[in-house]
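Peer 1: Contents of my_file30.txt (compact mmCIF, C-alpha atoms and all ligand atoms):
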# COMPACT_ATOMS: atom_id res chain seq x y z
CA MET A 1 16.16 -44.88 -52.18
CA LYS A 2 14.19 -46.59 -49.44
CA VAL A 3 11.19 -44.48 -48.50
CA VAL A 4 8.86 -45.08 -45.54
CA VAL A 5 5.57 -43.20 -45.48
CA GLY A 6 4.31 -42.86 -41.91
CA ILE A 7 0.68 -42.13 -41.13
CA PRO A 8 -0.43 -41.42 -37.55
CA SER A 9 -4.13 -41.99 -36.94
CA TYR A 10 -6.89 -41.95 -34.42
CA ASN A 11 -10.40 -42.69 -35.69
CA ASN A 12 -9.80 -41.68 -39.31
CA ALA A 13 -11.59 -44.54 -41.07
CA ASP A 14 -13.42 -42.10 -43.37
CA THR A 15 -10.32 -40.47 -44.81
CA ILE A 16 -7.28 -42.70 -44.31
CA GLY A 17 -8.02 -45.05 -47.22
CA TYR A 18 -7.59 -42.17 -49.64
CA VAL A 19 -4.30 -41.16 -48.03
CA VAL A 20 -2.94 -44.72 -48.18
CA LYS A 21 -3.95 -44.98 -51.84
CA GLN A 22 -2.25 -41.73 -52.85
CA ALA A 23 0.87 -42.55 -50.84
CA ALA A 24 1.10 -46.03 -52.37
CA GLU A 25 0.78 -44.64 -55.89
CA GLY A 26 3.46 -42.07 -55.15
CA LEU A 27 5.85 -44.69 -53.78
CA LYS A 28 5.30 -46.93 -56.79
CA LYS A 29 5.52 -44.21 -59.43
CA TYR A 30 8.55 -42.35 -58.14
CA PHE A 31 10.52 -44.89 -56.11
CA GLY A 32 9.48 -48.23 -57.59
CA GLY A 33 7.77 -49.16 -54.32
CA GLY A 34 8.28 -48.65 -50.60
CA ILE A 35 6.72 -49.05 -47.18
CA ILE A 36 3.62 -47.50 -45.68
CA VAL A 37 3.27 -47.68 -41.94
CA ASN A 38 0.29 -46.61 -39.93
CA ALA A 39 0.66 -46.01 -36.17
CA ASP A 40 -2.74 -45.87 -34.58
CA GLY A 41 -3.89 -44.64 -31.18
CA GLY A 42 -6.46 -47.39 -30.61
CA SER A 43 -9.19 -46.30 -33.01
CA THR A 44 -12.63 -47.80 -32.54
CA ASP A 45 -13.96 -46.98 -36.01
CA GLY A 46 -12.04 -49.56 -38.02
CA THR A 47 -9.23 -47.22 -39.13
CA ARG A 48 -6.66 -50.02 -39.15
CA ASP A 49 -8.91 -52.34 -41.14
CA VAL A 50 -9.28 -49.64 -43.78
CA VAL A 51 -5.49 -49.25 -43.95
CA LEU A 52 -4.85 -52.97 -44.27
CA SER A 53 -7.59 -53.57 -46.83
CA THR A 54 -6.68 -50.69 -49.16
CA LYS A 55 -5.48 -52.06 -52.49
CA VAL A 56 -1.93 -50.95 -53.29
CA PRO A 57 0.40 -51.59 -56.26
CA GLU A 58 2.95 -54.40 -56.16
CA GLY A 59 6.15 -53.42 -54.41
CA VAL A 60 4.36 -51.40 -51.75
CA GLU A 61 4.20 -52.96 -48.28
CA VAL A 62 1.54 -51.81 -45.83
CA HIS A 63 1.84 -52.12 -42.05
CA SER A 64 -0.41 -50.99 -39.25
CA PHE A 65 0.13 -51.19 -35.50
CA VAL A 66 -1.09 -49.63 -32.28
CA TYR A 67 1.81 -47.75 -30.70
CA LYS A 68 2.98 -48.82 -27.23
CA TRP A 69 4.34 -45.55 -25.87
CA PRO A 70 2.06 -44.81 -22.90
CA ILE A 71 1.12 -41.23 -23.76
CA PRO A 72 -1.79 -41.10 -26.19
CA GLY A 73 -1.04 -38.65 -28.99
CA LYS A 74 0.18 -37.86 -32.47
CA GLY A 75 3.78 -37.59 -31.26
CA SER A 76 3.80 -41.09 -29.78
CA ALA A 77 2.59 -42.42 -33.12
CA MET A 78 5.34 -40.56 -34.98
CA LYS A 79 8.00 -41.71 -32.50
CA GLU A 80 7.20 -45.34 -33.18
CA ILE A 81 7.00 -44.77 -36.92
CA MET A 82 10.54 -43.37 -36.71
CA GLU A 83 11.74 -46.36 -34.70
CA PHE A 84 10.15 -48.66 -37.26
CA ALA A 85 11.81 -46.74 -40.11
CA ARG A 86 15.20 -46.96 -38.42
CA GLU A 87 14.91 -50.70 -38.00
CA ARG A 88 14.11 -50.95 -41.69
CA ASP A 89 17.09 -48.76 -42.64
CA ALA A 90 14.95 -46.17 -44.34
CA ASP A 91 16.72 -43.36 -46.20
CA ALA A 92 13.75 -41.06 -45.88
CA VAL A 93 10.56 -40.90 -43.86
CA VAL A 94 7.56 -39.02 -45.17
CA PHE A 95 4.88 -38.16 -42.63
CA VAL A 96 1.37 -37.44 -43.82
CA ASP A 97 -1.78 -36.86 -41.77
CA SER A 98 -4.63 -39.32 -42.09
CA ASP A 99 -7.32 -36.67 -42.54
CA LEU A 100 -5.79 -35.17 -45.71
CA ARG A 101 -8.16 -34.79 -48.62
CA SER A 102 -5.86 -32.91 -51.00
CA ILE A 103 -2.85 -35.25 -50.98
CA THR A 104 -1.64 -36.54 -54.37
CA PRO A 105 1.09 -39.08 -55.26
CA GLU A 106 3.37 -36.13 -56.08
CA TRP A 107 3.43 -35.15 -52.41
CA ILE A 108 5.43 -38.29 -51.65
CA TYR A 109 7.94 -37.38 -54.33
CA LYS A 110 8.22 -33.80 -53.15
CA PHE A 111 8.83 -34.78 -49.53
CA ALA A 112 11.30 -37.59 -50.30
CA LYS A 113 13.28 -36.37 -53.31
CA PRO A 114 15.03 -33.48 -51.47
CA ILE A 115 16.32 -36.02 -48.92
CA GLU A 116 18.04 -37.86 -51.75
CA ASP A 117 19.53 -34.52 -52.76
CA GLY A 118 21.08 -33.99 -49.32
CA TYR A 119 18.42 -32.13 -47.35
CA ASP A 120 17.53 -33.32 -43.86
CA PHE A 121 14.17 -31.72 -43.31
CA VAL A 122 11.40 -30.96 -45.79
CA ALA A 123 8.58 -28.67 -44.66
CA PRO A 124 5.30 -28.33 -46.53
CA LEU A 125 4.26 -25.14 -48.25
CA TYR A 126 0.58 -25.16 -48.95
CA LEU A 127 -2.20 -22.67 -49.08
CA ARG A 128 -4.74 -23.06 -46.30
CA HIS A 129 -8.00 -21.23 -45.90
CA LYS A 130 -7.54 -17.94 -44.01
CA TRP A 131 -9.28 -19.39 -40.93
CA ASP A 132 -7.55 -22.76 -40.92
CA GLY A 133 -4.27 -23.11 -39.03
CA THR A 134 -4.87 -20.41 -36.40
CA ILE A 135 -2.11 -21.82 -34.16
CA THR A 136 0.27 -21.81 -37.11
CA ASN A 137 -0.62 -18.29 -38.16
CA ASN A 138 -0.78 -16.70 -34.73
CA ILE A 139 2.10 -18.49 -33.06
CA ALA A 140 4.17 -21.17 -34.79
CA TYR A 141 4.93 -19.17 -37.93
CA PRO A 142 5.72 -15.74 -36.45
CA MET A 143 7.61 -17.22 -33.47
CA THR A 144 9.74 -19.58 -35.57
CA ALA A 145 10.53 -16.92 -38.14
CA SER A 146 11.37 -14.17 -35.65
CA LEU A 147 13.27 -16.38 -33.19
CA TYR A 148 15.30 -18.61 -35.47
CA GLY A 149 15.27 -16.35 -38.54
CA VAL A 150 14.01 -19.03 -40.91
CA ASP A 151 10.95 -18.13 -42.96
CA ILE A 152 9.18 -21.51 -42.87
CA ARG A 153 5.54 -20.70 -43.47
CA GLN A 154 4.17 -24.02 -42.15
CA PRO A 155 6.35 -25.12 -39.22
CA ILE A 156 3.52 -27.28 -37.86
CA GLY A 157 1.80 -28.26 -41.09
CA GLY A 158 1.81 -31.84 -39.86
CA ASP A 159 3.29 -33.35 -43.04
CA PHE A 160 7.09 -33.58 -43.37
CA GLY A 161 9.99 -35.33 -45.04
CA ILE A 162 13.00 -36.26 -42.91
CA SER A 163 16.37 -37.93 -43.44
CA SER A 164 17.78 -40.92 -41.57
CA LYS A 165 20.20 -38.54 -39.85
CA MET A 166 17.20 -36.65 -38.42
CA LEU A 167 15.74 -39.90 -37.09
CA ASP A 168 18.81 -40.30 -34.91
CA ILE A 169 18.55 -36.73 -33.65
CA TYR A 170 14.84 -36.97 -32.86
CA LEU A 171 15.15 -40.31 -31.08
CA GLU A 172 18.37 -39.45 -29.24
CA ASN A 173 16.75 -38.32 -26.00
CA GLU A 174 13.88 -40.42 -24.73
CA GLU A 175 12.98 -37.88 -22.01
CA VAL A 176 11.62 -35.40 -24.52
CA TRP A 177 9.01 -37.95 -25.58
CA LYS A 178 7.55 -37.86 -22.07
CA THR A 179 6.42 -34.27 -22.62
CA ASP A 180 3.80 -32.76 -24.92
CA VAL A 181 6.11 -33.72 -27.78
CA ALA A 182 4.25 -37.03 -27.55
CA ARG A 183 1.05 -35.12 -28.31
CA PHE A 184 0.55 -32.16 -30.64
CA GLY A 185 3.88 -30.65 -29.58
CA VAL A 186 5.55 -33.04 -32.01
CA ASP A 187 5.36 -30.86 -35.12
CA ILE A 188 7.02 -27.80 -33.62
CA PHE A 189 9.59 -30.15 -32.04
CA LEU A 190 10.49 -31.70 -35.39
CA THR A 191 10.85 -28.36 -37.14
CA THR A 192 12.65 -26.46 -34.39
CA THR A 193 15.07 -29.32 -33.73
CA ALA A 194 16.03 -29.42 -37.41
CA ILE A 195 16.62 -25.66 -37.50
CA ALA A 196 18.46 -25.44 -34.17
CA ASN A 197 20.76 -28.30 -35.17
CA ARG A 198 21.55 -26.41 -38.37
CA ARG A 199 20.37 -29.17 -40.67
CA LYS A 200 19.63 -28.46 -44.33
CA VAL A 201 16.02 -27.40 -44.58
CA ILE A 202 13.79 -26.83 -47.60
CA GLN A 203 10.08 -26.21 -48.14
CA VAL A 204 8.18 -27.74 -51.02
CA SER A 205 5.10 -26.34 -52.67
CA LEU A 206 2.17 -28.75 -52.57
CA GLY A 207 -0.92 -26.81 -53.62
CA MET A 208 -3.72 -26.59 -51.09
CA LYS A 209 -4.16 -28.32 -47.76
CA ILE A 210 -7.69 -29.58 -47.32
CA HIS A 211 -8.33 -31.63 -44.18
CA ASN A 212 -10.92 -31.93 -41.41
CA PRO A 213 -10.65 -28.48 -39.87
CA LYS A 214 -11.40 -27.61 -36.26
CA ASP A 215 -13.39 -24.75 -34.82
CA PRO A 216 -10.79 -23.01 -32.61
CA ALA A 217 -12.88 -22.19 -29.54
CA ALA A 218 -14.53 -25.61 -29.55
CA SER A 219 -11.46 -27.79 -29.93
CA LEU A 220 -8.10 -26.05 -30.19
CA GLY A 221 -7.47 -25.07 -26.56
CA PRO A 222 -5.55 -28.26 -25.66
CA MET A 223 -3.62 -28.18 -28.93
CA PHE A 224 -2.60 -24.56 -28.27
CA ASN A 225 -1.33 -25.58 -24.85
CA GLN A 226 0.69 -28.48 -26.25
CA VAL A 227 2.21 -26.56 -29.14
CA VAL A 228 3.05 -23.42 -27.17
CA GLY A 229 4.31 -25.35 -24.13
CA THR A 230 6.67 -27.26 -26.41
CA LEU A 231 7.74 -24.06 -28.16
CA PHE A 232 8.64 -22.51 -24.80
CA MET A 233 10.50 -25.65 -23.73
CA LEU A 234 12.53 -25.52 -26.96
CA MET A 235 13.24 -21.80 -26.51
CA LYS A 236 14.92 -22.67 -23.24
CA ARG A 237 16.87 -25.53 -24.70
CA TYR A 238 17.96 -23.64 -27.80
CA GLU A 239 18.41 -20.10 -26.56
CA ASN A 240 21.85 -19.97 -28.18
CA ALA A 241 20.27 -20.69 -31.55
CA TRP A 242 17.92 -17.69 -31.43
CA LYS A 243 19.38 -15.03 -29.20
CA ASP A 244 21.62 -13.41 -31.82
CA VAL A 245 19.26 -13.70 -34.77
CA ARG A 246 18.13 -10.28 -36.00
CA ASP A 247 16.63 -10.97 -39.41
CA ILE A 248 14.34 -13.40 -41.20
CA LYS A 249 15.95 -15.18 -44.14
CA PRO A 250 13.94 -16.80 -46.91
CA VAL A 251 14.15 -20.57 -46.83
CA GLU A 252 15.00 -22.50 -49.96
CA THR A 253 11.76 -23.37 -51.68
CA TRP A 254 10.99 -25.97 -54.32
CA GLY A 255 8.14 -24.88 -56.57
CA GLU A 256 5.97 -21.82 -56.81
CA GLU A 257 3.76 -20.59 -54.04
CA VAL A 258 0.15 -21.44 -54.80
CA LYS A 259 -2.57 -18.90 -55.29
CA GLY A 260 -6.34 -19.30 -55.13
CA GLU A 261 -9.14 -19.72 -52.65
CA PRO A 262 -9.26 -22.97 -50.64
CA GLU A 263 -12.47 -24.59 -49.43
CA ALA A 264 -13.92 -22.44 -46.64
CA VAL A 265 -13.31 -23.27 -42.99
CA LYS A 266 -15.97 -22.28 -40.45
CA VAL A 267 -15.10 -20.40 -37.30
CA THR A 268 -17.67 -19.53 -34.65
CA LEU A 269 -16.78 -15.96 -33.74
CA GLU A 270 -19.26 -15.64 -30.88
CA LEU A 271 -17.92 -18.77 -29.22
CA LEU A 272 -14.35 -17.44 -29.49
CA LYS A 273 -15.36 -14.24 -27.72
CA GLN A 274 -17.39 -16.02 -25.10
CA ARG A 275 -14.63 -18.53 -24.28
CA ALA A 276 -12.04 -15.73 -24.26
CA ARG A 277 -14.05 -13.79 -21.67
CA GLU A 278 -14.81 -16.84 -19.51
CA LEU A 279 -11.26 -18.14 -19.45
CA TRP A 280 -9.89 -14.65 -18.90
CA GLU A 281 -11.84 -14.44 -15.64
CA LYS A 282 -10.44 -17.83 -14.67
CA GLU A 283 -6.80 -17.06 -15.57
CA LYS A 284 -6.63 -13.36 -14.73
CA GLU A 285 -4.79 -13.76 -11.45
CA VAL A 286 -2.15 -16.05 -12.97
CA LEU A 287 -1.79 -13.76 -15.96
CA LYS A 288 -1.07 -10.85 -13.66
CA ARG A 289 2.11 -12.68 -12.70
CA VAL A 290 2.89 -13.88 -16.22
CA LEU A 291 2.49 -10.62 -18.11
CA SER A 292 4.31 -7.35 -17.55
CA ASP A 293 2.13 -4.58 -16.07
CA GLU A 294 2.08 -2.83 -19.42
CA THR A 295 1.08 -5.96 -21.35
CA PHE A 296 -1.56 -6.86 -18.76
CA LYS A 297 -3.15 -3.43 -19.00
CA HIS A 298 -3.45 -3.62 -22.78
CA VAL A 299 -4.70 -7.19 -22.71
CA GLU A 300 -7.45 -6.22 -20.27
CA GLU A 301 -8.59 -3.71 -22.87
CA ALA A 302 -8.27 -6.23 -25.73
CA ILE A 303 -10.55 -8.68 -23.94
CA ARG A 304 -13.23 -5.98 -23.93
CA THR A 305 -12.81 -4.69 -27.48
CA PHE A 306 -11.37 -7.72 -29.27
CA GLU A 307 -8.86 -5.47 -30.92
CA PHE A 308 -5.60 -7.30 -30.49
CA PRO A 309 -2.69 -5.77 -32.43
CA ASP A 310 0.29 -7.92 -33.42
CA ASP A 311 2.81 -6.05 -31.26
CA LEU A 312 0.69 -6.65 -28.17
CA TRP A 313 0.29 -10.29 -29.14
CA ALA A 314 4.08 -10.62 -29.54
CA HIS A 315 4.53 -9.21 -26.03
CA VAL A 316 2.00 -11.70 -24.65
CA LEU A 317 3.92 -14.65 -26.10
CA PHE A 318 7.30 -13.22 -25.11
CA ASP A 319 6.10 -12.57 -21.54
CA GLY A 320 4.69 -16.10 -21.52
CA ALA A 321 8.02 -17.57 -22.62
CA VAL A 322 9.90 -15.66 -19.92
CA ALA A 323 7.38 -16.74 -17.26
CA TYR A 324 7.83 -20.34 -18.40
CA LYS A 325 11.61 -20.04 -18.26
CA ASN A 326 11.43 -18.59 -14.75
CA GLY A 327 9.08 -21.28 -13.50
CA VAL A 328 6.10 -18.95 -13.00
CA ILE A 329 4.08 -21.29 -15.24
CA SER A 330 4.76 -24.87 -16.28
CA ASN A 331 2.54 -24.87 -19.35
CA ALA A 332 0.76 -22.45 -21.69
CA GLU A 333 -2.79 -23.04 -20.49
CA PRO A 334 -3.28 -19.59 -18.92
CA LEU A 335 -2.66 -18.04 -22.35
CA ILE A 336 -5.57 -19.84 -24.03
CA PRO A 337 -8.10 -16.99 -23.50
CA LEU A 338 -5.67 -14.60 -25.17
CA TYR A 339 -5.23 -16.93 -28.15
CA PHE A 340 -9.02 -16.97 -28.50
CA ALA A 341 -9.19 -13.18 -28.29
CA LYS A 342 -6.40 -12.76 -30.83
CA THR A 343 -8.13 -15.20 -33.15
CA ALA A 344 -11.42 -13.32 -32.77
CA ASP A 345 -9.60 -10.12 -33.77
CA PHE A 346 -8.17 -11.83 -36.86
CA VAL A 347 -11.51 -13.31 -37.90
CA MET A 348 -13.19 -9.90 -37.71
CA ARG A 349 -10.33 -8.15 -39.46
CA THR A 350 -10.34 -10.63 -42.35
CA MET A 351 -14.10 -11.15 -42.59
CA ASP A 352 -14.29 -9.65 -46.10
CA MET A 353 -10.82 -10.62 -47.29
CA SER A 354 -9.74 -13.40 -49.59
CA THR A 355 -7.25 -15.95 -48.26
CA MET A 356 -4.50 -14.28 -50.32
CA GLU A 357 -5.26 -10.90 -48.74
CA ALA A 358 -5.30 -12.38 -45.25
CA GLU A 359 -2.00 -14.08 -46.06
CA LYS A 360 -0.31 -10.68 -46.30
CA LEU A 361 -1.32 -9.84 -42.73
CA ILE A 362 0.17 -13.10 -41.49
CA ARG A 363 3.48 -12.50 -43.27
CA GLU A 364 3.57 -9.00 -41.82
CA ARG A 365 2.96 -10.40 -38.33
CA ALA A 366 6.30 -12.23 -38.40
CA ARG A 367 8.04 -8.91 -39.14
CA VAL A 368 6.26 -7.29 -36.21
CA PHE A 369 7.49 -10.11 -33.93
CA LEU A 370 11.04 -9.57 -35.18
CA ARG A 371 10.78 -5.84 -34.53
CA GLU A 372 9.65 -6.57 -30.97
CA LYS A 373 12.32 -9.19 -30.33
CA GLY A 374 14.43 -6.77 -28.29
CA TYR A 375 11.62 -6.79 -25.72
CA LEU A 376 12.04 -10.55 -25.34
CA ILE A 377 15.84 -10.46 -25.22
CA GLU A 378 15.81 -7.83 -22.50
CA ARG A 379 13.49 -9.82 -20.27
CA TRP A 380 14.79 -13.29 -21.04
CA PHE A 381 18.41 -12.47 -20.24
CA THR A 382 17.95 -10.43 -17.06
N1 LIG B 1 -2.01 -42.16 -33.22
C1 LIG B 1 -2.59 -40.98 -32.96
N2 LIG B 1 -2.73 -40.13 -33.96
C2 LIG B 1 -3.32 -38.95 -33.70
C3 LIG B 1 -3.77 -38.61 -32.41
N3 LIG B 1 -4.30 -37.38 -32.48
C4 LIG B 1 -4.17 -36.99 -33.77
N4 LIG B 1 -3.59 -37.94 -34.50
C5 LIG B 1 -3.30 -37.90 -35.93
O1 LIG B 1 -2.48 -36.80 -36.19
C6 LIG B 1 -2.84 -36.22 -37.42
C7 LIG B 1 -3.16 -34.76 -37.24
O2 LIG B 1 -4.26 -34.63 -36.38
P1 LIG B 1 -5.43 -33.61 -36.69
O3 LIG B 1 -6.46 -33.86 -35.67
O4 LIG B 1 -5.80 -33.69 -38.12
O5 LIG B 1 -4.67 -32.24 -36.37
P2 LIG B 1 -4.64 -30.87 -37.16
O6 LIG B 1 -4.66 -31.16 -38.61
O7 LIG B 1 -3.36 -30.24 -36.72
O8 LIG B 1 -5.84 -30.14 -36.69
C8 LIG B 1 -4.02 -37.02 -37.95
O9 LIG B 1 -3.49 -37.95 -38.86
C9 LIG B 1 -4.56 -37.71 -36.72
O10 LIG B 1 -5.15 -38.93 -37.01
C10 LIG B 1 -3.60 -39.55 -31.36
O11 LIG B 1 -3.97 -39.33 -30.22
N5 LIG B 1 -2.99 -40.72 -31.71
MG MG B 2 -5.87 -32.36 -39.73
Turn this file's structure into structure tokens for me.
Ligand SMILES: Nc1nc2c(ncn2[C@@H]2O[C@H](COP(=O)(O)OP(=O)(O)O)[C@@H](O)[C@H]2O)c(=O)[nH]1
Ligand SMILES: [Mg+2]
Peer 2:
Amino acid sequence: MKVVVGIPSYNNADTIGYVVKQAAEGLKKYFGGGIIVNADGGSTDGTRDVVLSTKVPEGVEVHSFVYKWPIPGKGSAMKEIMEFARERDADAVVFVDSDLRSITPEWIYKFAKPIEDGYDFVAPLYLRHKWDGTITNNIAYPMTASLYGVDIRQPIGGDFGISSKMLDIYLENEEVWKTDVARFGVDIFLTTTAIANRRKVIQVSLGMKIHNPKDPAASLGPMFNQVVGTLFMLMKRYENAWKDVRDIKPVETWGEEVKGEPEAVKVTLELLKQRARELWEKEKEVLKRVLSDETFKHVEEAIRTFEFPDDLWAHVLFDGAVAYKNGVISNAEPLIPLYFAKTADFVMRTMDMSTMEAEKLIRERARVFLREKGYLIERWFT
């Protein structure tokens, strides 16, 4: 089987050498060799030199290029990796992030082997620290599970395995790559497109995900906007795929779910609260039009107390989706203060919990979203 490992990067000189090394060993050990391709966003720290000078076993080719697509972002890098893979007639593409510190050669096997066995999309299942992945835990996971009924725990983990059939589907429509799909919307696009097109999906257990984490209030606002905007765009496109779904089905999983306590991720709680309050003042008038009167009233309270229950949070996202559909908003930016407030609530609630304990709350959240789905259906379809 011909496997291409694709690595998007932007100023990852410190960590990408390790990723290339692990990927190369995995390709050699399990597939007798293969191709590694790095698509870079114009790094100025020597990322590409690190890639090209990393020693790899015989039979492993290494390429590195700066992508040409004019939108700077992770998605543009992945688009051109897919085009490269298609030209090379790859059977499987494995995407891995360039800031991964817990990747092993086995990851390559686990992402590529299911493709050989007839799956089209392989999602990662890894344990992340309770305060890592706040966009996954607050939005991508509960929305994907409750909308499409597929219990993929890491729909935007960033690392994936895909089949050649999926390459054709992803590259079919060039227009979509002119949106936030070219940025951090790409992960939710890849996952949702696979589900909505009813491709065979599996998740594989990989251990822990350790990478360079981000402090939400300091640096996740734009990413939230890109992920949620793309999620709303896909809800519109695929409403037939989610409107009749009323339960969450387990997804086929290869391997056991991992237990333990990952390396701690720092979150600045005070900054979350401060940014939530500031941006709330800025977005309040828009939010009055986005949210239902009932939701708005409760959110006003939540911004004061930082108690933000899951059912209220579900209504915020559902109202946001409906407002997007109706053209009241064209992106998810006005919701950023509420994401910060919800995250502050979660951080306080889980302050003394282990990651495994916090994990239970996140799983429960998806069930709350499903329970509230009628609220969305009623508003979306009237
Ligand atoms: N080419 C390119 N890659 C990017 C860009 N932004 C992020 N990436 C890569 O996308 C991957 C995920 O980004 P990261 O910042 O780790 O996101 P997170 O793990 O979701 O917080 C990493 O390999 C980055 O190097 C970009 O603008 N261009
Ligand atoms: Mg990362």
Peer 1: Set out as JSON lines a contact list for range 174-244 of chain A and range 336-352 of chain A with a cut-off of 12 Å, giving each residue of range 174-244 of chain A that qualifies its closest atom pair and distance in Å to one decimal, counting only C-alpha atoms, ordered by chain and rising residue number.
Peer 2:
{"residue": "A:Asp215", "atom": "CA", "partner": "A:Phe340", "partner_atom": "CA", "distance": 10.9}
{"residue": "A:Pro216", "atom": "CA", "partner": "A:Phe340", "partner_atom": "CA", "distance": 7.5}
{"residue": "A:Ala217", "atom": "CA", "partner": "A:Phe340", "partner_atom": "CA", "distance": 6.6}
{"residue": "A:Ala218", "atom": "CA", "partner": "A:Phe340", "partner_atom": "CA", "distance": 10.3}
{"residue": "A:Ser219", "atom": "CA", "partner": "A:Phe340", "partner_atom": "CA", "distance": 11.2}
{"residue": "A:Leu220", "atom": "CA", "partner": "A:Ile336", "partner_atom": "CA", "distance": 9.1}
{"residue": "A:Gly221", "atom": "CA", "partner": "A:Ile336", "partner_atom": "CA", "distance": 6.1}
{"residue": "A:Pro222", "atom": "CA", "partner": "A:Ile336", "partner_atom": "CA", "distance": 8.6}
{"residue": "A:Met223", "atom": "CA", "partner": "A:Ile336", "partner_atom": "CA", "distance": 9.9}
{"residue": "A:Phe224", "atom": "CA", "partner": "A:Ile336", "partner_atom": "CA", "distance": 7.0}
{"residue": "A:Asn225", "atom": "CA", "partner": "A:Ile336", "partner_atom": "CA", "distance": 7.2}
{"residue": "A:Gln226", "atom": "CA", "partner": "A:Ile336", "partner_atom": "CA", "distance": 10.9}
{"residue": "A:Val227", "atom": "CA", "partner": "A:Ile336", "partner_atom": "CA", "distance": 11.5}
{"residue": "A:Val228", "atom": "CA", "partner": "A:Ile336", "partner_atom": "CA", "distance": 9.8}
{"residue": "A:Gly229", "atom": "CA", "partner": "A:Ile336", "partner_atom": "CA", "distance": 11.3}
Peer 1: List the neighbours of range 239-249 of chain A out to 6 Å using all atoms listed in the file; skip same-chain residues closer than 2 positions along the sequence, and give me the result as a ChimeraX atom specification.
Peer 2: /A:147-151,196,235-237
Peer 1: Restricting the calculation to all atoms listed in the file, which member of A:Pro155, A:Gly161, A:Pro8, A:Gly207 is positioned closest to ligand LIG 1 (chain B)?
Peer 2: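 Checking each of A:Pro155, A:Gly161, A:Pro8, A:Gly207 against ligand LIG 1 (chain B), counting all atoms listed in the file, the winner is A:Pro8.
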Peer 1: With only C-alpha atoms and all ligand atoms counted, collect every polymer residue having an atom within 7 Å of ligand LIG 1 (chain B); state the result as a list in words.
Peer 2: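 Residues lying within 7 Å of ligand LIG 1 (chain B): Ile7, Pro8, Ser9, Tyr10, Asn11, Asn12, Ala39, Asp40, Gly41, Pro72, Gly73, Lys74, Ser76, Ala77, Val96, Asp97, Ser98, Asp99, Gly158, Arg183, His211, Asn212, Pro213 and Lys214 of chain A.
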Peer 1: Select, from A:Gln22, A:Gln154, A:Thr295, A:Ser102, the residue with the minimum atom-to-atom distance to Thr192 in chain A, counting all atoms listed in the file.
Peer 2: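 Of all the options, A:Gln154 lies closest to Thr192 in chain A.
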Peer 1: Nearest to Trp280 in chain A among A:His63, A:Arg304, A:Lys68, A:Arg367, with distances taken over all atoms listed in the file: which residue is it?
Peer 2: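 Closest to Trp280 in chain A of all the choices is A:Arg304.
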Peer 1: Between A:Arg128, A:Arg371, A:Lys284, A:Lys79, which residue has the minimum interatomic distance to ligand MG 2 (chain B), considering all atoms listed in the file?
Peer 2: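 Under the stated criterion, the closest residue is A:Arg128.
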Peer 1: Could you tell me how far CA of Leu171 in chain A sits from CA of Asn197 in chain A, in Å to one decimal place?
Peer 2: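 One can read the CA of Asn197 in chain A to CA of Leu171 in chain A distance as 13.9 Å.
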Peer 1: Record the distance separating CA of Met166 in chain A and CA of Phe189 in chain A, expressed in Å with one decimal.
Peer 2: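 The value is 11.9 Å.
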Peer 1: From the set A:Leu317, A:Ala332, A:Ile156, A:Ala264, which residue has the shortest atom-to-atom contact distance to Glu283 in chain A, counting all atoms listed in the file?
Peer 2: A:Ala332
Peer 1: Kindly give the distance, in Å, that separates CA of Lys259 in chain A and CA of Thr144 in chain A, rounded to a single decimal.
Peer 2: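 Separation of CA of Lys259 in chain A and CA of Thr144 in chain A: 23.3 Å.
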Peer 1: Which one of A:Val94, A:Ala321, A:Met1, A:Ile16 sits closest to ligand MG 2 (chain B) if you count only C-alpha atoms and all ligand atoms?
Peer 2: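 Of A:Val94, A:Ala321, A:Met1, A:Ile16, the one nearest ligand MG 2 (chain B) is A:Ile16, counting only C-alpha atoms and all ligand atoms.
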Peer 1: Excluding Leu190 in chain A and residues on its chain fewer than 2 positions from it, collect all residues at most 12 Å away from it, counting all atoms listed in the file, and give them as a PyMOL selection string.
Peer 2: chain A and resi 75+78-79+82+95+120-123+155-163+166-171+176-177+181-182+184-188+192-197+199+201+227+230-231+234
Peer 1: Please complete range 24-30 of chain A with N, CA and C atoms and give it back as a compact mmCIF listing (two decimals), keeping the file's coordinate frame.
Peer 2:
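Output contents, as saved in selection-v4.txt:
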# COMPACT_ATOMS: atom_id res chain seq x y z
N ALA A 24 0.63 -44.81 -51.70
CA ALA A 24 1.10 -46.03 -52.37
C ALA A 24 1.41 -45.74 -53.83
N GLU A 25 0.54 -44.98 -54.47
CA GLU A 25 0.78 -44.64 -55.89
C GLU A 25 2.05 -43.81 -56.04
N GLY A 26 2.25 -42.90 -55.11
CA GLY A 26 3.46 -42.07 -55.15
C GLY A 26 4.72 -42.91 -54.97
N LEU A 27 4.69 -43.82 -54.02
CA LEU A 27 5.85 -44.69 -53.78
C LEU A 27 6.16 -45.52 -55.02
N LYS A 28 5.12 -46.07 -55.62
CA LYS A 28 5.30 -46.93 -56.79
C LYS A 28 5.85 -46.12 -57.98
N LYS A 29 5.20 -45.00 -58.23
CA LYS A 29 5.52 -44.21 -59.43
C LYS A 29 6.92 -43.61 -59.37
N TYR A 30 7.30 -43.11 -58.20
CA TYR A 30 8.55 -42.35 -58.14
C TYR A 30 9.72 -43.12 -57.54
